[in-house]
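Undergrad: This structure is in structure tokens; I'll ask about it shortly.
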Amino acid sequence: MRGRFITLEGIDGAGKSSHVQFIADQVRERGVHVIDTREPGGTRVGEDVRKIVLHEPMGVRAEAYLMFGARSEHVTKVIEPALAAGEWVICDRFIDSTYAYQCGGHGLPRATFDALVKALEPAPVPDATFLFDVDPALAAERQQGQQRTPDRFEREKTDFFRRVRGAYLERARDEPARIRVIDASGSFEQVRARLEAALAPVLA
Ligand SMILES: Nc1ncnc2c1ncn2[C@@H]1O[C@H](COP(=O)(O)OP(=O)(O)OP(=O)(O)O)[C@@H](O)[C@H]1O
Ligand SMILES: Cc1cn([C@H]2C[C@H](O)[C@@H](COP(=O)(O)O)O2)c(=O)[nH]c1=O
């Protein structure tokens, strides 16, 4: 039986990466093989692209093409083979990030985004997406603690993340059956409890 594909989304600092392993462990506890991965990344090519796209200045089209180039390798070499083998895949970011960041944040034309999605076909559609929704100011506060040098997206101003957040919420309104919005404000424990409640029907 084909595996299930779960993606996590949200603006930088929303706290989503802190829950990837928890979700993977919940799936494993049900005796299901699961892999966790991320975008941009997930393959040698994807991780090399990640270094470029997160740090080199470029136009939004180049950004989008690189994200989809890395994604093509990720889908064909990692995600699709795992799903076909009956494994579940937990992916930290996927196509919704491109819509939110490149269209919402950097103004990529919707028609260009749609053409890239079409060119990627056949690509798996997530069975469930958890959108960790939080105010950009709170997300920025959470990023304060990070030791590493911020990448070029993390260096964007609050207004950029307001646009990204708005684009995410637009996607969630358009696809309520797939995208579960998790209120990511509050303590780590509170967010974890909200995630557990949203995850339960997906694991049932
Ligand atoms: N509910 C929370 N309250 C306070 N801090 C949190 C909460 N959730 C996560 N954090 C902290 O916020 C920081 C960012 O968390 P995390 O890396 O999971 O965010 P993210 O959404 O994956 O960001 P990015 O997309 O940039 O990786 C981490 O230091 C994490 O420990
Ligand atoms: C897949 C994808 C990602 N991004 C951006 C979003 C983040 O700022 C970084 C990834 O960093 P993270 O710490 O792993 O979350 O890349 C994007 O702009 N477009 C995309 O398609």
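Residues are named by chain letter and number: chains run A, B, ... in the order of the structure tokens, numbers start at 1 in each chain, and ligands are numbered from 1 in the order shown.
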Within 8 Å of region 51-60 of chain A, counting only C-alpha atoms, which residues qualify if same-chain residues fewer than 3 places away don't, as a PyMOL selection string?
TA: chain A and resi 47-48+63-64+66-67+102+106-108+151-153
Undergrad: For the residues in that selection, give me all heavy atoms as a short mmCIF file (atom, residue, chain, number, x, y, z; two decimals), in the first residue's frame.
TA:
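Okay, this is what ended up in out.cif:
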```cif
data_model
loop_
_atom_site.label_atom_id
_atom_site.label_comp_id
_atom_site.auth_asym_id
_atom_site.auth_seq_id
_atom_site.Cartn_x
_atom_site.Cartn_y
_atom_site.Cartn_z
N GLU A 47 20.92 19.66 -1.62
CA GLU A 47 21.67 20.33 -0.54
C GLU A 47 22.69 21.32 -1.11
O GLU A 47 22.93 22.38 -0.52
CB GLU A 47 22.34 19.28 0.35
CG GLU A 47 21.38 18.43 1.18
CD GLU A 47 20.54 19.22 2.21
OE1 GLU A 47 21.04 20.23 2.73
OE2 GLU A 47 19.39 18.82 2.45
N ASP A 48 23.25 21.00 -2.28
CA ASP A 48 24.16 21.98 -2.93
C ASP A 48 23.37 23.21 -3.39
O ASP A 48 23.81 24.35 -3.20
CB ASP A 48 24.88 21.33 -4.12
CG ASP A 48 25.97 20.35 -3.67
OD1 ASP A 48 26.31 20.37 -2.46
OD2 ASP A 48 26.47 19.58 -4.52
N GLU A 63 15.40 32.09 -8.14
CA GLU A 63 15.04 31.45 -6.86
C GLU A 63 14.04 30.32 -7.09
O GLU A 63 14.22 29.19 -6.65
CB GLU A 63 14.36 32.52 -6.00
CG GLU A 63 14.81 32.75 -4.63
CD GLU A 63 14.13 34.01 -4.08
OE1 GLU A 63 12.91 33.94 -3.83
OE2 GLU A 63 14.80 35.03 -3.93
N ALA A 64 13.00 30.64 -7.82
CA ALA A 64 11.92 29.66 -8.04
C ALA A 64 12.42 28.49 -8.87
O ALA A 64 12.13 27.31 -8.57
CB ALA A 64 10.74 30.35 -8.73
N LEU A 66 15.45 27.37 -9.12
CA LEU A 66 16.36 26.54 -8.30
C LEU A 66 15.57 25.69 -7.31
O LEU A 66 15.86 24.50 -7.13
CB LEU A 66 17.36 27.43 -7.57
CG LEU A 66 18.47 28.02 -8.43
CD1 LEU A 66 19.27 29.07 -7.65
CD2 LEU A 66 19.41 26.94 -8.95
N MET A 67 14.54 26.26 -6.69
CA MET A 67 13.73 25.49 -5.75
C MET A 67 13.08 24.31 -6.48
O MET A 67 13.11 23.17 -5.99
CB MET A 67 12.63 26.37 -5.13
CG MET A 67 13.13 27.50 -4.25
SD MET A 67 13.96 26.94 -2.76
CE MET A 67 14.43 28.54 -2.05
N GLN A 102 8.12 32.77 -2.77
CA GLN A 102 8.45 33.39 -4.05
C GLN A 102 7.28 34.20 -4.61
O GLN A 102 7.49 35.33 -5.07
CB GLN A 102 8.88 32.31 -5.06
CG GLN A 102 10.38 31.93 -4.92
CD GLN A 102 10.70 31.28 -3.60
OE1 GLN A 102 10.13 30.23 -3.24
NE2 GLN A 102 11.59 31.89 -2.83
N HIS A 106 8.20 37.47 -2.69
CA HIS A 106 9.05 38.16 -3.69
C HIS A 106 8.35 38.48 -5.00
O HIS A 106 9.00 38.90 -5.96
CB HIS A 106 10.31 37.32 -3.95
CG HIS A 106 11.34 37.45 -2.88
ND1 HIS A 106 12.33 36.50 -2.67
CD2 HIS A 106 11.53 38.40 -1.92
CE1 HIS A 106 13.09 36.87 -1.65
NE2 HIS A 106 12.62 38.02 -1.18
N GLY A 107 7.04 38.23 -5.08
CA GLY A 107 6.26 38.72 -6.23
C GLY A 107 6.37 37.90 -7.50
O GLY A 107 6.12 38.39 -8.60
N LEU A 108 6.73 36.63 -7.39
CA LEU A 108 6.74 35.77 -8.58
C LEU A 108 5.33 35.70 -9.15
O LEU A 108 4.38 35.46 -8.41
CB LEU A 108 7.20 34.35 -8.20
CG LEU A 108 7.31 33.36 -9.37
CD1 LEU A 108 8.60 33.63 -10.18
CD2 LEU A 108 7.28 31.91 -8.87
N ASP A 151 20.36 33.43 6.98
CA ASP A 151 20.45 33.34 5.53
C ASP A 151 19.68 34.51 4.91
O ASP A 151 19.10 35.33 5.63
CB ASP A 151 19.94 31.99 5.03
CG ASP A 151 18.47 31.74 5.35
OD1 ASP A 151 17.65 32.67 5.15
OD2 ASP A 151 18.14 30.63 5.83
N ARG A 152 19.65 34.60 3.60
CA ARG A 152 19.09 35.82 2.99
C ARG A 152 17.59 35.93 3.18
O ARG A 152 17.02 37.03 3.11
CB ARG A 152 19.49 35.95 1.53
CG ARG A 152 18.95 34.94 0.59
CD ARG A 152 19.65 35.09 -0.77
NE ARG A 152 18.97 34.29 -1.76
CZ ARG A 152 17.94 34.71 -2.48
NH1 ARG A 152 17.52 35.94 -2.35
NH2 ARG A 152 17.37 33.92 -3.36
N PHE A 153 16.91 34.80 3.42
CA PHE A 153 15.48 34.90 3.70
C PHE A 153 15.27 35.39 5.14
O PHE A 153 14.42 36.23 5.41
CB PHE A 153 14.78 33.56 3.46
CG PHE A 153 14.75 33.16 2.02
CD1 PHE A 153 15.65 32.25 1.51
CD2 PHE A 153 13.82 33.74 1.15
CE1 PHE A 153 15.63 31.90 0.17
CE2 PHE A 153 13.81 33.39 -0.21
CZ PHE A 153 14.72 32.48 -0.69
#
```
Undergrad: What does the list of residues within 9 Å of ligand 2 look like if you count only C-alpha atoms and all ligand atoms, written as a short mmCIF file (atom, residue, chain, number, x, y, z; two decimals) with C-alpha atoms, in the first residue's frame?
TA:
```
data_model
loop_
_atom_site.label_atom_id
_atom_site.label_comp_id
_atom_site.auth_asym_id
_atom_site.auth_seq_id
_atom_site.Cartn_x
_atom_site.Cartn_y
_atom_site.Cartn_z
CA GLU A 9 5.07 24.70 6.45
CA GLY A 10 5.39 28.11 8.07
CA ILE A 11 7.47 31.27 8.13
CA ASP A 12 11.02 31.15 9.46
CA GLY A 13 10.93 30.86 13.23
CA LYS A 16 7.84 23.75 12.61
CA SER A 17 11.26 22.02 12.41
CA ARG A 38 13.52 18.85 3.87
CA GLU A 39 13.46 21.44 1.11
CA PRO A 40 15.40 22.90 -0.38
CA GLY A 41 17.55 19.81 0.06
CA ARG A 50 20.31 24.98 -0.82
CA VAL A 53 19.74 29.76 -2.98
CA LEU A 54 19.91 30.60 0.73
CA GLU A 63 15.04 31.45 -6.86
CA ALA A 64 11.92 29.66 -8.04
CA LEU A 66 16.36 26.54 -8.30
CA MET A 67 13.73 25.49 -5.75
CA PHE A 68 11.90 23.47 -8.39
CA ALA A 70 16.12 20.76 -6.38
CA ARG A 71 12.54 19.54 -5.91
CA ASP A 92 9.99 20.07 6.14
CA ARG A 93 8.71 22.44 3.42
CA PHE A 94 7.47 21.63 -0.08
CA ILE A 95 5.62 23.39 -2.91
CA ASP A 96 3.57 25.61 -0.58
CA SER A 97 6.82 27.29 0.49
CA THR A 98 7.48 28.31 -3.10
CA TYR A 99 4.05 29.88 -3.36
CA ALA A 100 4.38 31.64 -0.01
CA TYR A 101 7.97 32.86 -0.32
CA GLN A 102 8.45 33.39 -4.05
CA GLY A 105 7.11 37.29 -0.52
CA HIS A 106 9.05 38.16 -3.69
CA ASP A 151 20.45 33.34 5.53
CA ARG A 152 19.09 35.82 2.99
CA PHE A 153 15.48 34.90 3.70
CA GLU A 154 15.94 35.23 7.47
#
```
Undergrad: With DSSP run on the backbone, what are the strand (DSSP E) residues within chain A? I'd like them as a compact mmCIF listing (two decimals) with C-alpha atoms, in the first residue's frame.
TA:
```txt
# COMPACT_ATOMS: atom_id res chain seq x y z
CA PHE A 5 3.11 12.21 2.37
CA ILE A 6 3.08 14.81 5.17
CA THR A 7 4.55 18.30 4.82
CA LEU A 8 5.26 21.03 7.35
CA GLU A 9 5.07 24.70 6.45
CA GLY A 10 5.39 28.11 8.07
CA VAL A 34 9.02 6.67 7.69
CA ILE A 35 11.66 9.02 6.34
CA ASP A 36 12.03 12.68 7.20
CA THR A 37 13.50 15.14 4.72
CA ARG A 38 13.52 18.85 3.87
CA TRP A 88 5.62 7.57 4.87
CA VAL A 89 7.49 10.79 4.06
CA ILE A 90 7.64 13.76 6.44
CA CYS A 91 8.98 16.78 4.55
CA ASP A 92 9.99 20.07 6.14
CA ALA A 128 -1.68 16.41 4.89
CA THR A 129 0.14 19.70 5.39
CA PHE A 130 0.59 21.28 8.82
CA LEU A 131 0.91 25.05 8.52
CA PHE A 132 2.49 26.51 11.67
CA ASP A 133 0.94 29.95 11.75
CA ILE A 179 -3.76 22.15 4.93
CA ARG A 180 -4.29 22.10 8.70
CA VAL A 181 -3.48 25.45 10.30
CA ILE A 182 -1.74 25.06 13.67
CA ASP A 183 -1.70 28.12 15.91
```
Undergrad: From the options A:Gly86, A:Gly104, A:Pro81, A:Gly31, which residue's atoms come nearest to Glu170 (chain A), counting only C-alpha atoms?
TA: A:Gly104
Undergrad: Work out how far apart atom 15 (O, counted along the ligand's line) of ligand 1 and CA of Gly69 (chain A) are and give it in Å to one decimal.
TA: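 Calculated distance between atom 15 (O, counted along the ligand's line) of ligand 1 and CA of Gly69 (chain A) is 26.2 Å.
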Undergrad: From the list A:Ala123, A:Ile23, A:Glu87, A:Glu175, which residue is nearest Ala197 (chain A) when using only C-alpha atoms?
TA: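 Smallest separation from Ala197 (chain A) among the options: A:Ile23.
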